[in-house]
Amino acid sequence: MSRNSFLESTLQGCARALSKALQSEHAATRPGLLQQLDPRVRVLGILTLVVSVILCRRPEAIAAIFLIAVALAIASRVSLTALAKRVWLVVLGFSGVIAVPALFLTPGAPLFTAPALHLSISVQGVRTAVLLVLRVETAATLTTVLVLSTAWTHILKALRSLHLPAEIVTMLAMTHRYVFLLIETANQMFESRQSRTVGILSGAERRRMTTRTAGVLLSKSIELSQEVYLAMLSRGFRGDVRLLTDFRLQPRDYLGLSAFFLTACVVVWMGR
Amino acid sequence: MHIPDGYLSPSTCATFYLVAASGWYAALKRIKQLLATRAIPLISVFAAFCFVVMMFNVPLPGGTTGHAVGVGVSAIVLGPWGSILAISIALAIQSLFFGDGGITTLGANCFNMAIVGSFTAYAMYRMVAANSDLKSRRRVLAAAVAGYVAINTSALVTAVELGIQPVLFHDASGTPLYAPYPLHVAIPAMMIGHLTFAGLAEAVIAAGMVSYLQRADVGLLRGVAGLAQSSTPIIARATPEPSPGRLWWMVACLMLFTPLGILAAGTAWGEWSSTAFMNPHTRDQIATASGNHAPPSSVPAGIQRLSSLWTAPFPGYAPRFIRNPMFGYLLSAIFGVGFLVLASLVARAVSRKWSAGNLRS
């Protein structure tokens, strides 16, 4: 790996974020089970299931919600390969590494002992590791299925109709919009710098380059916010935020919401 | 430091949502007072900037790289209240859209990074920079210290939240139901990475950007500079002095809530007296609070030796002449607040006398 690989890593990070966003927007337009439901029902239903994952104390119950999440993904035409790459492997790598020492460190009845290594795996250790990994996998799968089946604008409108303050919803929407513009700007700045870099930069030079880029990005962001503000003023903005919520609940939405709540209640009762 | 779903119990998540919501409400109110209609575009674009900065691979001494949160530079440019909103919005987008950090743990993540981080960074920057010139090297150092201390304080708070989970939430067999590691594992595990790589990355970004802004756009540093001659700040005086009347009301309300502690079941971990080790009932409580580890059969020698060193006038927040524990708590709160107010009045009188003496000389 070259000494300037921090540039490539940052560029790759930017490209990954853009590609993820594109993938989400594309997936949300496919016809599927979740896509047919009102966005408010989707958001409320998935959030209920995520909370039920946290409330469950038995691995069997959490595994049941995981299977429901996978079934929802298949019925909503969410690619399982995308889920595996984006969630399952990443979570297994992160939470798996965190959970493994718990096998040995959690005190309890020994399940397996290796006397030569002075190591012992406890029943409680296995249980807590399984609970942790299953919980994180299931909650992350549910959240990703929601994001991959719902356009960001619809998620925001749903949050507004669930009484999140209009100012916060507007800020989330504007931030989301300008994140991509700033990622693109940062990408171009790093690319242009990379194309002009010959040889190997020293550590101090690389740090200076990164902080200067961040500084220029900050100045550009402040200028951008002023331009946006003037544009808002020119359209008559006086500080009051009004958002349109043109959703209408259909009978199938009531059915879907009932199904979500019923599933969550049953699973929490089973996993208490 | 982004805690995913599943690491914190439902009650911890709910508590931190409540705390974070109070912070968001106060910050939104303060920012709207200061910026009126400019608040929304400024905070939104700044949140987008923080999001992008979190993606930067910052080269660190030793050839490795790290990621910064941007809380240092955000608190320096926007002030603590604006920074709370900008970092929280960036964390919400990360969690909802990119799956980085959980939805149920969003309150805790915002509390750790946005609220604790912003106030720590702001306080450290103001303390180290003092009244130095906007273009002085001292401000660059102050920014580095602010970023480093803020990210490490946030990491410590995160580690404590994770470390109390196995003590508070486990099943009958002693299996931890959420984050499995106790404080003595969680704190070192979290702090090693932050005291080295993440802390350095935050310090490098904060110091480097302040150094850049000193040359390129010094106006952005005026907002929280604390200098009398500051003009055209991005957020003029981000922390106006609170009125004393409101502060007194808040203190009175907090005092009224002090008896809430009586409702808590069990024992406060680590706050045991020497007699608690000999009482079978409190021994059971100690074992339950310690993940079913039985306490030592006799009083530890150190606790035994030091327990008689100081006898509190109101032991257990209950003076001996008071029968009602709730009234005991209230009386202790009144006594404690009164003592602190008296001490601060004495300190203020001494400092005024000292400054007057300095001026005359």
# chains A, B, ... in the order shown; residues from 1 in each chain; ligands from 1

call {"tool": "interface_residues", "arguments": {"of": "chain A", "to": "chain B", "cutoff": "6 Å", "atoms": "only C-alpha atoms", "output": "list of chain:residue names"}}
result
A:Phe6, A:Thr10, A:Ile54, A:Gln124, A:Thr128, A:Arg135, A:Val136, A:Met171, A:Met174, A:Thr175, A:Tyr178, A:Val179, A:Arg207, A:Thr211, A:Gly215, A:Ser225, A:Tyr229, A:Gly239

call {"tool": "write_last_selection", "arguments": {"atoms": "N, CA and C atoms", "output": "PDB file, in the first residue's frame"}}
result
ATOM      1  N   PHE A   6      -4.015   7.156   2.100  1.00  0.00           N
ATOM      2  CA  PHE A   6      -5.119   7.813   2.810  1.00  0.00           C
ATOM      3  C   PHE A   6      -6.008   8.560   1.829  1.00  0.00           C
ATOM      4  N   THR A  10      -9.960   7.773   1.412  1.00  0.00           N
ATOM      5  CA  THR A  10     -11.004   8.799   1.527  1.00  0.00           C
ATOM      6  C   THR A  10     -11.852   8.824   0.259  1.00  0.00           C
ATOM      7  N   ILE A  54     -35.058  -5.258  20.952  1.00  0.00           N
ATOM      8  CA  ILE A  54     -34.328  -4.821  22.153  1.00  0.00           C
ATOM      9  C   ILE A  54     -35.020  -5.351  23.413  1.00  0.00           C
ATOM     10  N   GLN A 124     -23.048 -18.980  30.127  1.00  0.00           N
ATOM     11  CA  GLN A 124     -23.514 -17.590  30.101  1.00  0.00           C
ATOM     12  C   GLN A 124     -22.781 -16.777  29.028  1.00  0.00           C
ATOM     13  N   THR A 128     -24.657 -14.815  26.050  1.00  0.00           N
ATOM     14  CA  THR A 128     -24.584 -13.351  25.877  1.00  0.00           C
ATOM     15  C   THR A 128     -24.004 -12.985  24.507  1.00  0.00           C
ATOM     16  N   ARG A 135     -29.042  -9.724  18.118  1.00  0.00           N
ATOM     17  CA  ARG A 135     -29.767  -8.444  18.279  1.00  0.00           C
ATOM     18  C   ARG A 135     -29.288  -7.427  17.257  1.00  0.00           C
ATOM     19  N   VAL A 136     -27.948  -7.279  17.161  1.00  0.00           N
ATOM     20  CA  VAL A 136     -27.408  -6.251  16.263  1.00  0.00           C
ATOM     21  C   VAL A 136     -27.739  -6.597  14.812  1.00  0.00           C
ATOM     22  N   MET A 171     -34.243  20.269   8.579  1.00  0.00           N
ATOM     23  CA  MET A 171     -32.779  20.188   8.674  1.00  0.00           C
ATOM     24  C   MET A 171     -32.280  18.832   8.179  1.00  0.00           C
ATOM     25  N   MET A 174     -32.484  18.909   4.389  1.00  0.00           N
ATOM     26  CA  MET A 174     -31.460  19.762   3.761  1.00  0.00           C
ATOM     27  C   MET A 174     -30.075  19.153   3.933  1.00  0.00           C
ATOM     28  N   THR A 175     -29.815  18.601   5.118  1.00  0.00           N
ATOM     29  CA  THR A 175     -28.498  17.983   5.352  1.00  0.00           C
ATOM     30  C   THR A 175     -28.284  16.840   4.379  1.00  0.00           C
ATOM     31  N   TYR A 178     -27.429  18.211   0.962  1.00  0.00           N
ATOM     32  CA  TYR A 178     -26.110  18.830   0.802  1.00  0.00           C
ATOM     33  C   TYR A 178     -24.957  17.902   1.149  1.00  0.00           C
ATOM     34  N   VAL A 179     -25.252  16.805   1.858  1.00  0.00           N
ATOM     35  CA  VAL A 179     -24.201  15.803   2.121  1.00  0.00           C
ATOM     36  C   VAL A 179     -23.607  15.347   0.789  1.00  0.00           C
ATOM     37  N   ARG A 207      -0.924  15.482   6.598  1.00  0.00           N
ATOM     38  CA  ARG A 207      -1.850  16.053   7.590  1.00  0.00           C
ATOM     39  C   ARG A 207      -2.273  17.464   7.179  1.00  0.00           C
ATOM     40  N   THR A 211      -6.134  18.709   6.415  1.00  0.00           N
ATOM     41  CA  THR A 211      -6.802  19.764   7.188  1.00  0.00           C
ATOM     42  C   THR A 211      -7.115  20.976   6.313  1.00  0.00           C
ATOM     43  N   GLY A 215     -10.652  22.555   5.724  1.00  0.00           N
ATOM     44  CA  GLY A 215     -10.851  23.987   5.939  1.00  0.00           C
ATOM     45  C   GLY A 215     -11.543  24.633   4.752  1.00  0.00           C
ATOM     46  N   SER A 225     -24.335  27.815   2.753  1.00  0.00           N
ATOM     47  CA  SER A 225     -25.480  28.030   3.652  1.00  0.00           C
ATOM     48  C   SER A 225     -26.034  29.447   3.451  1.00  0.00           C
ATOM     49  N   TYR A 229     -29.728  30.311   2.185  1.00  0.00           N
ATOM     50  CA  TYR A 229     -30.561  31.197   2.984  1.00  0.00           C
ATOM     51  C   TYR A 229     -31.170  32.295   2.105  1.00  0.00           C
ATOM     52  N   GLY A 239     -39.236  31.941   8.370  1.00  0.00           N
ATOM     53  CA  GLY A 239     -38.887  31.204   9.587  1.00  0.00           C
ATOM     54  C   GLY A 239     -39.874  30.104   9.938  1.00  0.00           C
TER      55      GLY A 239
END

call {"tool": "residues_around", "arguments": {"residues": "Gln214 of chain B", "least_positions_apart": "5", "cutoff": "10 Å", "atoms": "only C-alpha atoms", "output": "list in words"}}
result
Leu134, Lys135, Ser136, Arg137, Arg139, Val140, Gly208, Met209, Gly219, Leu220 and Leu221 of chain B

call {"tool": "write_last_selection", "arguments": {"atoms": "N, CA and C atoms", "output": "PDB file, in the first residue's frame"}}
result
ATOM      1  N   LEU B 134      -6.864  36.257  17.999  1.00  0.00           N
ATOM      2  CA  LEU B 134      -7.504  35.273  17.121  1.00  0.00           C
ATOM      3  C   LEU B 134      -6.506  34.528  16.236  1.00  0.00           C
ATOM      4  N   LYS B 135      -5.367  35.175  15.953  1.00  0.00           N
ATOM      5  CA  LYS B 135      -4.405  34.541  15.050  1.00  0.00           C
ATOM      6  C   LYS B 135      -3.213  33.950  15.803  1.00  0.00           C
ATOM      7  N   SER B 136      -3.345  33.794  17.117  1.00  0.00           N
ATOM      8  CA  SER B 136      -2.195  33.312  17.890  1.00  0.00           C
ATOM      9  C   SER B 136      -2.072  31.786  17.809  1.00  0.00           C
ATOM     10  N   ARG B 137      -0.846  31.296  18.046  1.00  0.00           N
ATOM     11  CA  ARG B 137      -0.593  29.846  18.038  1.00  0.00           C
ATOM     12  C   ARG B 137      -1.343  29.177  19.194  1.00  0.00           C
ATOM     13  N   ARG B 139      -4.310  29.560  20.090  1.00  0.00           N
ATOM     14  CA  ARG B 139      -5.654  29.112  19.679  1.00  0.00           C
ATOM     15  C   ARG B 139      -5.587  27.784  18.924  1.00  0.00           C
ATOM     16  N   VAL B 140      -4.487  27.568  18.198  1.00  0.00           N
ATOM     17  CA  VAL B 140      -4.318  26.281  17.500  1.00  0.00           C
ATOM     18  C   VAL B 140      -4.156  25.175  18.544  1.00  0.00           C
ATOM     19  N   GLY B 208      -5.592  21.779  12.830  1.00  0.00           N
ATOM     20  CA  GLY B 208      -5.278  22.093  11.435  1.00  0.00           C
ATOM     21  C   GLY B 208      -6.294  23.053  10.855  1.00  0.00           C
ATOM     22  N   MET B 209      -7.575  22.850  11.191  1.00  0.00           N
ATOM     23  CA  MET B 209      -8.600  23.725  10.608  1.00  0.00           C
ATOM     24  C   MET B 209      -8.572  25.110  11.228  1.00  0.00           C
ATOM     25  N   GLY B 219     -12.849  35.303  10.311  1.00  0.00           N
ATOM     26  CA  GLY B 219     -14.185  35.681  10.796  1.00  0.00           C
ATOM     27  C   GLY B 219     -14.926  34.492  11.405  1.00  0.00           C
ATOM     28  N   LEU B 220     -14.674  33.297  10.870  1.00  0.00           N
ATOM     29  CA  LEU B 220     -15.370  32.110  11.373  1.00  0.00           C
ATOM     30  C   LEU B 220     -14.949  31.759  12.789  1.00  0.00           C
ATOM     31  N   LEU B 221     -13.807  32.303  13.242  1.00  0.00           N
ATOM     32  CA  LEU B 221     -13.337  31.985  14.591  1.00  0.00           C
ATOM     33  C   LEU B 221     -13.835  32.994  15.622  1.00  0.00           C
TER      34      LEU B 221
END

call {"tool": "residues_around", "arguments": {"residues": "segment 32-44 of chain A", "least_positions_apart": "3", "cutoff": "12 Å", "atoms": "only C-alpha atoms", "output": "count of residues only"}}
result
60

call {"tool": "residues_around", "arguments": {"residues": "Gly271 of chain A", "least_positions_apart": "5", "cutoff": "8 Å", "atoms": "only C-alpha atoms", "output": "PyMOL selection string"}}
result
chain A and resi 55-62

call {"tool": "closest_residue", "arguments": {"among": "A:Val130, A:Leu18, A:Leu181, A:Leu67", "to": "Ala99 of chain A", "atoms": "only C-alpha atoms"}}
result
A:Val130

call {"tool": "atom_distance", "arguments": {"atom1": "atom CA of Leu224 of chain A", "atom2": "atom CA of Gln188 of chain A"}}
result
16.7 Å

call {"tool": "residues_around", "arguments": {"residues": "Glu137 of chain A", "least_positions_apart": "2", "cutoff": "8 Å", "atoms": "only C-alpha atoms", "output": "PyMOL selection string"}}
result
chain A and resi 66+87-88+91-92+133-135+139-141

call {"tool": "residues_around", "arguments": {"residues": "segment 113-116 of chain B", "least_positions_apart": "6", "cutoff": "8 Å", "atoms": "only C-alpha atoms", "output": "number ranges by chain"}}
result
B: 20, 23, 71, 80, 83-85, 87-88, 150-151, 153-154

call {"tool": "write_last_selection", "arguments": {"atoms": "N, CA and C atoms", "output": "PDB file, in the first residue's frame"}}
result
ATOM      1  N   ALA B  20     -31.305  13.598  25.694  1.00  0.00           N
ATOM      2  CA  ALA B  20     -30.910  14.207  24.424  1.00  0.00           C
ATOM      3  C   ALA B  20     -32.010  15.140  23.915  1.00  0.00           C
ATOM      4  N   GLY B  23     -31.741  18.397  25.454  1.00  0.00           N
ATOM      5  CA  GLY B  23     -30.622  19.126  24.850  1.00  0.00           C
ATOM      6  C   GLY B  23     -31.006  19.697  23.492  1.00  0.00           C
ATOM      7  N   VAL B  71     -16.331  17.270  16.152  1.00  0.00           N
ATOM      8  CA  VAL B  71     -17.002  17.984  17.248  1.00  0.00           C
ATOM      9  C   VAL B  71     -16.167  19.175  17.720  1.00  0.00           C
ATOM     10  N   PRO B  80     -21.442  25.845  21.397  1.00  0.00           N
ATOM     11  CA  PRO B  80     -21.926  24.534  21.838  1.00  0.00           C
ATOM     12  C   PRO B  80     -23.347  24.208  21.384  1.00  0.00           C
ATOM     13  N   SER B  83     -23.446  23.441  17.706  1.00  0.00           N
ATOM     14  CA  SER B  83     -22.724  22.192  17.505  1.00  0.00           C
ATOM     15  C   SER B  83     -23.567  20.975  17.899  1.00  0.00           C
ATOM     16  N   ILE B  84     -24.338  21.119  18.984  1.00  0.00           N
ATOM     17  CA  ILE B  84     -25.220  20.014  19.412  1.00  0.00           C
ATOM     18  C   ILE B  84     -26.152  19.631  18.258  1.00  0.00           C
ATOM     19  N   LEU B  85     -26.756  20.670  17.636  1.00  0.00           N
ATOM     20  CA  LEU B  85     -27.717  20.382  16.563  1.00  0.00           C
ATOM     21  C   LEU B  85     -27.028  19.804  15.333  1.00  0.00           C
ATOM     22  N   ILE B  87     -24.085  18.216  14.986  1.00  0.00           N
ATOM     23  CA  ILE B  87     -23.565  16.845  15.162  1.00  0.00           C
ATOM     24  C   ILE B  87     -24.726  15.856  15.295  1.00  0.00           C
ATOM     25  N   SER B  88     -25.800  16.268  15.992  1.00  0.00           N
ATOM     26  CA  SER B  88     -26.953  15.353  16.150  1.00  0.00           C
ATOM     27  C   SER B  88     -27.588  15.040  14.803  1.00  0.00           C
ATOM     28  N   ALA B 150     -12.434  16.461  24.157  1.00  0.00           N
ATOM     29  CA  ALA B 150     -13.864  16.231  23.880  1.00  0.00           C
ATOM     30  C   ALA B 150     -14.115  14.797  23.432  1.00  0.00           C
ATOM     31  N   ILE B 151     -13.284  14.316  22.515  1.00  0.00           N
ATOM     32  CA  ILE B 151     -13.541  12.974  21.982  1.00  0.00           C
ATOM     33  C   ILE B 151     -13.272  11.914  23.051  1.00  0.00           C
ATOM     34  N   THR B 153     -13.616  12.427  26.343  1.00  0.00           N
ATOM     35  CA  THR B 153     -14.706  12.493  27.334  1.00  0.00           C
ATOM     36  C   THR B 153     -15.926  11.756  26.791  1.00  0.00           C
ATOM     37  N   SER B 154     -16.218  11.973  25.504  1.00  0.00           N
ATOM     38  CA  SER B 154     -17.349  11.265  24.890  1.00  0.00           C
ATOM     39  C   SER B 154     -17.128   9.759  24.958  1.00  0.00           C
TER      40      SER B 154
END

call {"tool": "select_by_dssp", "arguments": {"residues": "segment 105-231 of chain A", "states": "alpha helix (DSSP H)", "output": "PyMOL selection string"}}
result
chain A and resi 105+123-149+152-161+166-195+203-231

call {"tool": "atom_distance", "arguments": {"atom1": "atom CA of Thr158 of chain B", "atom2": "atom CA of Met1 of chain B"}}
result
7.1 Å

call {"tool": "atom_distance", "arguments": {"atom1": "atom CA of Pro325 of chain B", "atom2": "atom CA of Trp249 of chain B"}}
result
23.5 Å

call {"tool": "closest_residue", "arguments": {"among": "B:Val341, B:Leu195, B:Ile187, B:Ala155", "to": "Gly117 of chain B", "atoms": "only C-alpha atoms"}}
result
B:Ala155
